[in-house]
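Trainee: The following file, input19.txt, comprises compact mmCIF, C-alpha atoms:
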```txt
# COMPACT_ATOMS: atom_id res chain seq x y z
CA LEU U 151 116.01 69.03 350.14
CA LEU U 152 115.19 65.32 349.80
CA SER U 153 111.46 65.94 350.16
CA ASP U 154 111.65 67.49 346.67
CA HIS U 155 113.20 64.26 345.32
CA ALA U 156 110.81 61.55 346.48
CA ILE U 157 109.60 58.48 344.59
CA ASP U 158 106.31 56.95 345.77
CA GLY U 159 106.54 59.13 348.86
CA LYS U 160 110.04 57.96 349.83
CA PRO U 161 112.82 60.59 349.73
CA VAL U 162 115.72 59.34 347.60
CA LEU U 163 119.25 60.75 347.52
CA PRO U 164 119.74 62.14 343.99
CA GLY U 165 122.56 60.66 341.94
CA VAL U 166 123.97 64.17 341.51
CA TRP U 167 124.30 64.41 345.29
CA GLY U 168 126.35 61.24 345.35
CA MET U 169 128.59 62.88 342.75
CA GLU U 170 128.74 66.00 344.94
CA LEU U 171 129.89 63.91 347.91
CA PHE U 172 132.62 62.36 345.75
CA GLY U 173 133.68 65.78 344.44
CA ALA U 174 133.73 67.25 347.95
CA THR U 175 136.62 64.93 348.85
CA VAL U 176 138.90 66.63 346.29
CA PRO U 177 141.16 69.25 347.96
CA GLY U 178 141.06 72.85 346.80
CA GLU U 179 138.41 74.87 345.03
CA GLY U 180 139.34 74.50 341.35
CA PRO U 181 137.80 72.43 338.57
CA VAL U 182 137.07 68.78 339.35
CA ARG U 183 136.54 65.65 337.25
CA ILE U 184 134.15 62.90 338.38
CA HIS U 185 134.24 59.73 336.31
CA GLY U 186 133.40 56.05 336.22
CA VAL U 187 130.26 56.64 338.27
CA GLU U 188 127.83 53.77 338.81
CA PHE U 189 124.46 54.21 340.49
CA ALA U 190 124.18 50.75 342.02
CA LYS U 191 121.30 51.05 344.50
CA PRO U 192 119.16 54.02 345.55
CA LEU U 193 119.60 55.48 349.03
CA LYS U 194 116.04 55.84 350.36
CA CYS U 195 114.75 57.31 353.61
CA HIS U 196 112.11 54.82 354.72
CA ARG U 197 109.29 56.13 356.94
CA GLY U 198 111.01 59.51 357.08
CA GLU U 199 113.94 58.15 359.10
CA ALA U 200 117.35 59.80 359.06
CA ARG U 201 120.05 57.98 357.10
CA GLU U 202 123.82 58.28 357.39
CA ALA U 203 126.05 57.63 354.39
CA THR U 204 129.83 57.49 354.18
CA VAL U 205 132.22 58.00 351.29
CA VAL U 206 134.94 55.34 351.40
CA THR U 207 138.08 55.60 349.24
CA ASP U 208 140.27 52.56 348.59
CA ALA U 209 144.02 52.42 347.96
CA VAL U 210 143.67 53.07 344.22
CA GLY U 211 141.25 55.99 344.57
CA LYS U 212 137.97 54.24 343.86
CA MET U 213 135.15 55.76 345.92
CA THR U 214 131.97 54.19 347.21
CA LEU U 215 129.00 55.75 348.96
CA GLU U 216 127.87 53.29 351.62
CA SER U 217 125.23 53.13 354.33
CA GLU U 218 124.12 50.89 357.19
CA ARG U 219 120.56 50.37 358.32
CA THR U 220 119.22 48.24 361.15
CA LEU U 221 116.16 46.30 360.03
CA ARG U 222 113.18 45.43 362.21
CA THR U 223 114.65 41.97 362.66
CA GLY U 224 117.77 43.50 364.19
CA ARG U 225 119.93 42.57 361.21
CA VAL U 226 122.27 45.31 359.97
CA ASP U 227 121.90 45.91 356.25
CA ARG U 228 125.10 47.27 354.66
CA THR U 229 124.67 48.69 351.17
CA THR U 230 126.92 50.23 348.52
CA HIS U 231 124.85 52.80 346.69
CA PHE U 232 127.19 54.66 344.31
CA LEU U 233 130.71 54.03 342.99
CA GLY U 234 133.11 56.33 341.15
CA HIS U 235 136.26 58.44 341.08
CA ALA U 236 136.92 62.14 341.63
CA GLU U 237 140.06 64.21 341.19
CA ALA U 238 141.28 67.73 340.56
CA LEU U 239 141.00 68.67 336.89
CA ASP U 240 144.10 69.96 335.08
CA VAL U 241 142.48 72.36 332.64
CA ALA U 242 145.74 72.95 330.78
CA SER U 243 145.88 69.28 329.76
CA LEU U 244 142.42 69.20 328.14
CA THR U 245 141.91 68.82 324.41
CA ALA U 246 139.80 71.33 322.50
CA GLY U 247 136.81 69.00 322.57
CA GLU U 248 137.05 68.57 326.35
CA SER U 249 137.50 72.25 327.23
CA ALA U 250 134.94 74.48 328.88
CA THR U 251 134.44 76.22 325.52
CA GLY U 252 133.77 72.95 323.68
CA ARG U 253 130.22 72.60 322.33
CA MET U 254 128.12 69.64 321.29
CA LEU U 255 127.09 70.34 317.70
CA ILE U 256 123.55 69.33 316.76
CA HIS U 257 122.23 69.81 313.21
CA ALA U 258 118.90 71.58 312.85
CA SER U 259 117.51 68.56 310.98
CA ASP U 260 117.91 66.53 314.20
CA LEU U 261 115.45 68.86 315.98
CA ALA U 262 112.32 68.72 313.88
CA CYS U 263 109.82 68.32 316.76
CA GLU U 264 108.56 70.74 319.40
CA GLY U 265 108.89 69.39 322.92
CA PRO U 266 106.95 70.00 326.14
CA ARG U 267 107.01 73.02 328.41
CA ARG U 268 107.64 72.95 332.15
CA GLU U 269 104.10 71.93 333.14
CA GLY U 270 104.06 68.98 330.77
CA ILE U 271 107.52 67.85 331.83
CA TYR U 272 106.67 67.70 335.52
CA GLN U 273 103.37 65.98 334.96
CA ALA U 274 105.56 63.07 333.85
CA PHE U 275 108.50 63.53 336.24
CA PHE U 276 108.38 62.98 340.01
CA HIS U 277 110.54 66.01 340.90
CA THR U 278 109.14 68.90 342.95
CA GLY U 279 110.44 72.15 344.45
CA VAL U 280 114.11 72.94 343.83
CA PHE U 281 114.48 69.90 341.57
CA ARG U 282 112.11 71.33 338.96
CA VAL U 283 115.01 72.76 336.98
CA LEU U 284 113.85 72.40 333.36
CA ASP U 285 111.86 75.22 331.76
CA ALA U 286 111.14 73.61 328.40
CA ALA U 287 112.41 71.33 325.67
CA PRO U 288 111.67 73.55 322.67
CA TRP U 289 113.37 71.28 320.12
CA TRP U 290 113.91 67.56 319.90
CA GLY U 291 114.17 64.69 317.44
CA PRO U 292 114.95 60.96 317.47
CA THR U 293 118.68 61.55 318.03
CA ALA U 294 118.88 64.83 319.94
CA LEU U 295 117.18 67.32 322.25
CA VAL U 296 117.77 70.90 323.37
CA ALA U 297 116.27 72.02 326.68
CA THR U 298 116.34 75.24 328.66
CA ALA U 299 116.85 75.22 332.42
CA ARG U 300 117.38 77.48 335.41
CA VAL U 301 118.95 76.54 338.73
CA ASN U 302 119.12 78.43 341.99
CA GLU U 303 121.54 76.88 344.46
CA PRO U 304 120.75 79.45 347.22
CA ASP U 305 117.26 77.86 347.44
CA LEU U 306 118.94 74.76 348.89
CA ASN U 307 119.83 76.72 352.07
CA LEU U 308 123.16 74.95 352.43
CA ALA U 309 125.81 76.02 354.92
CA ALA U 310 128.45 76.27 352.16
CA PRO U 311 128.51 76.33 348.33
CA THR U 312 128.57 72.98 346.58
CA ARG U 313 131.70 71.73 344.83
CA THR U 314 130.13 70.24 341.71
CA ASP U 315 127.03 72.41 341.00
CA PRO U 316 124.65 69.43 341.40
CA LEU U 317 121.50 71.22 340.26
CA THR U 318 123.09 71.92 336.88
CA ARG U 319 124.02 68.25 336.61
CA GLU U 320 120.42 67.44 337.58
CA ALA U 321 119.21 69.51 334.62
CA MET U 322 121.43 67.39 332.36
CA PHE U 323 120.10 64.12 333.80
CA GLN U 324 116.51 65.26 333.44
CA ALA U 325 117.03 66.46 329.86
CA ALA U 326 118.55 63.10 328.91
CA GLY U 327 115.70 61.24 330.61
CA LEU U 328 113.15 63.47 328.90
CA HIS U 329 114.65 62.76 325.49
CA ALA U 330 114.44 59.01 326.14
CA MET U 331 110.82 59.36 327.27
CA LEU U 332 109.87 61.38 324.19
CA ALA U 333 111.62 58.90 321.91
CA SER U 334 109.69 56.05 323.56
CA GLY U 335 106.36 57.82 323.10
CA TRP U 336 106.07 58.58 326.84
CA SER U 337 105.77 54.82 327.41
CA ARG U 338 108.19 54.59 330.35
CA SER U 339 110.53 56.50 332.66
CA PHE U 340 114.31 56.50 332.39
CA LEU U 341 116.88 56.97 335.16
CA PRO U 342 120.67 57.21 334.70
CA ALA U 343 122.69 54.05 335.32
CA GLY U 344 125.99 55.91 335.56
CA VAL U 345 128.21 58.71 334.30
CA GLU U 346 131.29 58.11 332.17
CA ARG U 347 132.77 61.55 332.90
CA ALA U 348 131.67 64.92 334.25
CA ASP U 349 134.06 67.87 334.22
CA VAL U 350 133.01 70.74 336.48
CA PHE U 351 134.63 74.07 335.62
CA ASP U 352 132.36 76.52 337.43
CA HIS U 353 128.85 77.06 338.83
CA ALA U 354 125.83 78.42 337.00
CA ALA U 355 124.68 81.76 338.36
CA ALA U 356 121.40 81.78 340.27
CA GLY U 357 118.54 82.14 337.79
CA GLU U 358 120.82 82.04 334.75
CA GLU U 359 119.17 80.48 331.70
CA LEU U 360 121.04 77.35 330.65
CA ALA U 361 120.95 75.49 327.35
CA VAL U 362 121.19 71.73 327.79
CA ARG U 363 122.09 69.62 324.76
CA VAL U 364 121.43 65.88 324.60
CA ARG U 365 122.64 63.56 321.91
```
Any chance you could give the structure as structure tokens?
Mentor:
Amino acid sequence: LLSDHAIDGKPVLPGVWGMELFGATVPGEGPVRIHGVEFAKPLKCHRGEAREATVVTDAVGKMTLESERTLRTGRVDRTTHFLGHAEALDVASLTAGESATGRMLIHASDLACEGPRREGIYQAFFHTGVFRVLDAAPWWGPTALVATARVNEPDLNLAAPTRTDPLTREAMFQAAGLHAMLASGWSRSFLPAGVERADVFDHAAAGEELAVRVR
């Protein structure tokens, strides 16, 4: 899994997997909300070593993903990688704009440019294997982008289904990063600093074509 998400040869835990670990702490199997997420420091596997990470929840429900690593000097390095909150989502309490049927409206005039296809996207991105989730960005403009994506969670070979459909969230992150790269003239890469709120209602079906809107 992590070998498909490596930067400069070092496997890095994806931010969406930190969100999955937070979501997995929520009892039950219904919709879940993850919010106030901060990606503080990446969790890297140096020299291919195994790493152990722990989700810690404080008295007011704030979660942190933490790890310990013994350095060559013998010093133990303790690091907080991600922070956030996760809770069961009461669908009945959602407003129309927050519901699963809510849609981000983008005017056609905001999408005047043709974007790259899969090959061009992953010449710029570091992702390989199962993390190559975008098919194309057929339309984009300075303020918006529409991408198509496909995810296939069974390819992860996990013992149990995920709680938060992380590959679909990965498609969203990549589409947002792609829009920022296009708007900058491909001058630099962009990674997410955090997530204000993610509401997970269900999982995408394996191979289902997804439309990802960025604004």
Trainee: When you draw a straight line from CA of Pro311 in chain U to CA of Arg201 in chain U, how long is it in Å?
Mentor: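 Here the two named atoms are 22.0 Å from each other.
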Trainee: Taking only C-alpha atoms into account, name the residue in U:Ala310, U:Val166, U:Leu341, U:Ala209 that is nearest to Ala326 in chain U.
Mentor: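 Of U:Ala310, U:Val166, U:Leu341, U:Ala209, the one nearest Ala326 in chain U is U:Leu341, counting only C-alpha atoms.
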Trainee: Pick the closest to Arg268 in chain U from U:Asp285, U:Glu188, U:Asp349, U:Asp208: which is it, counting all atoms listed in the file?
Mentor: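 Counting all atoms listed in the file, the residue closest to Arg268 in chain U is U:Asp285.
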Trainee: If you count only C-alpha atoms, which residues fall within 9 Å of range 355-358 of chain U, apart from same-chain ones fewer than 3 positions away, as a PyMOL selection string?
Mentor: chain U and resi 299-304
Trainee: Can you pull out the residues contacting Gly165 in chain U? Cut-off 12 Å, using all atoms listed in the file, and skip same-chain residues under 5 positions away; I want them as a ChimeraX atom specification.
Mentor: /U:152,155,170-172,187-194,215,231-234,316-317,319-324,341-345
Trainee: Taking into account all atoms listed in the file, which residue in the set U:Thr245, U:Thr312, U:Thr298, U:Ser217 is nearest to Cys195 in chain U?
Mentor: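 Among the listed residues, U:Ser217 lies closest to Cys195 in chain U.
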Trainee: Within 12 Å of (115.5, 66.8, 308.9) (coordinates as in the file), grab all the protein and nucleic acid residues, counting only C-alpha atoms, and write them out as a VMD selection string.
Mentor: chain U and resid 256 to 263 290 to 294
Trainee: Can I get the selected residues back with C-alpha atoms, as a PDB file, in the coordinates of the input?
Mentor:
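Dumped to part.pdb:
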```
ATOM      1  CA  ILE U 256     123.550  69.330 316.760  1.00  0.00           C
ATOM      2  CA  HIS U 257     122.230  69.810 313.210  1.00  0.00           C
ATOM      3  CA  ALA U 258     118.900  71.580 312.850  1.00  0.00           C
ATOM      4  CA  SER U 259     117.510  68.560 310.980  1.00  0.00           C
ATOM      5  CA  ASP U 260     117.910  66.530 314.200  1.00  0.00           C
ATOM      6  CA  LEU U 261     115.450  68.860 315.980  1.00  0.00           C
ATOM      7  CA  ALA U 262     112.320  68.720 313.880  1.00  0.00           C
ATOM      8  CA  CYS U 263     109.820  68.320 316.760  1.00  0.00           C
ATOM      9  CA  TRP U 290     113.910  67.560 319.900  1.00  0.00           C
ATOM     10  CA  GLY U 291     114.170  64.690 317.440  1.00  0.00           C
ATOM     11  CA  PRO U 292     114.950  60.960 317.470  1.00  0.00           C
ATOM     12  CA  THR U 293     118.680  61.550 318.030  1.00  0.00           C
ATOM     13  CA  ALA U 294     118.880  64.830 319.940  1.00  0.00           C
TER      14      ALA U 294
END
```
Trainee: Expressed in Å to a single decimal, how great is the separation between CA of Ala238 in chain U and CA of Glu346 in chain U?
Mentor: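 Straight-line distance from CA of Ala238 in chain U to CA of Glu346 in chain U works out to 16.2 Å.
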Trainee: Can you work out which one of U:Asp305, U:Val280, U:Met254, U:Glu202 has the shortest atom-to-atom distance to Arg363 in chain U, counting all atoms listed in the file?
Mentor: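 Distance minimum relative to Arg363 in chain U lands on U:Met254.
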Trainee: Choose the residue, out of U:Val364, U:Ala156, U:Ala236, U:Ala274, that has the smallest atom-to-atom separation from Gly198 in chain U; count only C-alpha atoms.
Mentor: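 Once distances to Gly198 in chain U are computed over only C-alpha atoms, the minimum belongs to U:Ala156.
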Trainee: Quote the spacing between CA of Arg228 in chain U and CA of Asp154 in chain U in Å to one decimal place.
Mentor: 25.6 Å
Trainee: With all atoms listed in the file as the basis for distance, which of U:Leu244, U:Met169, U:Val296, U:Leu306 is at the shortest distance from Thr214 in chain U?
Mentor: U:Met169
Trainee: Box for range 181-199 of chain U - axis-aligned, 8 Å on each of the six sides, all listed atoms - centre and size in Å to one decimal, as JSON.
Mentor:
```
{"center_x": 123.5, "center_y": 61.6, "center_z": 347.7, "size_x": 44.5, "size_y": 37.7, "size_z": 38.9}
```
Trainee: Please list as a list in words every residue within 6 Å of Gly265 in chain U, counting all atoms listed in the file and excluding residues in the same chain fewer than 3 positions away.
Mentor: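 Contacts, with the query itself left out: Ala287, Pro288 and Trp289 of chain U.
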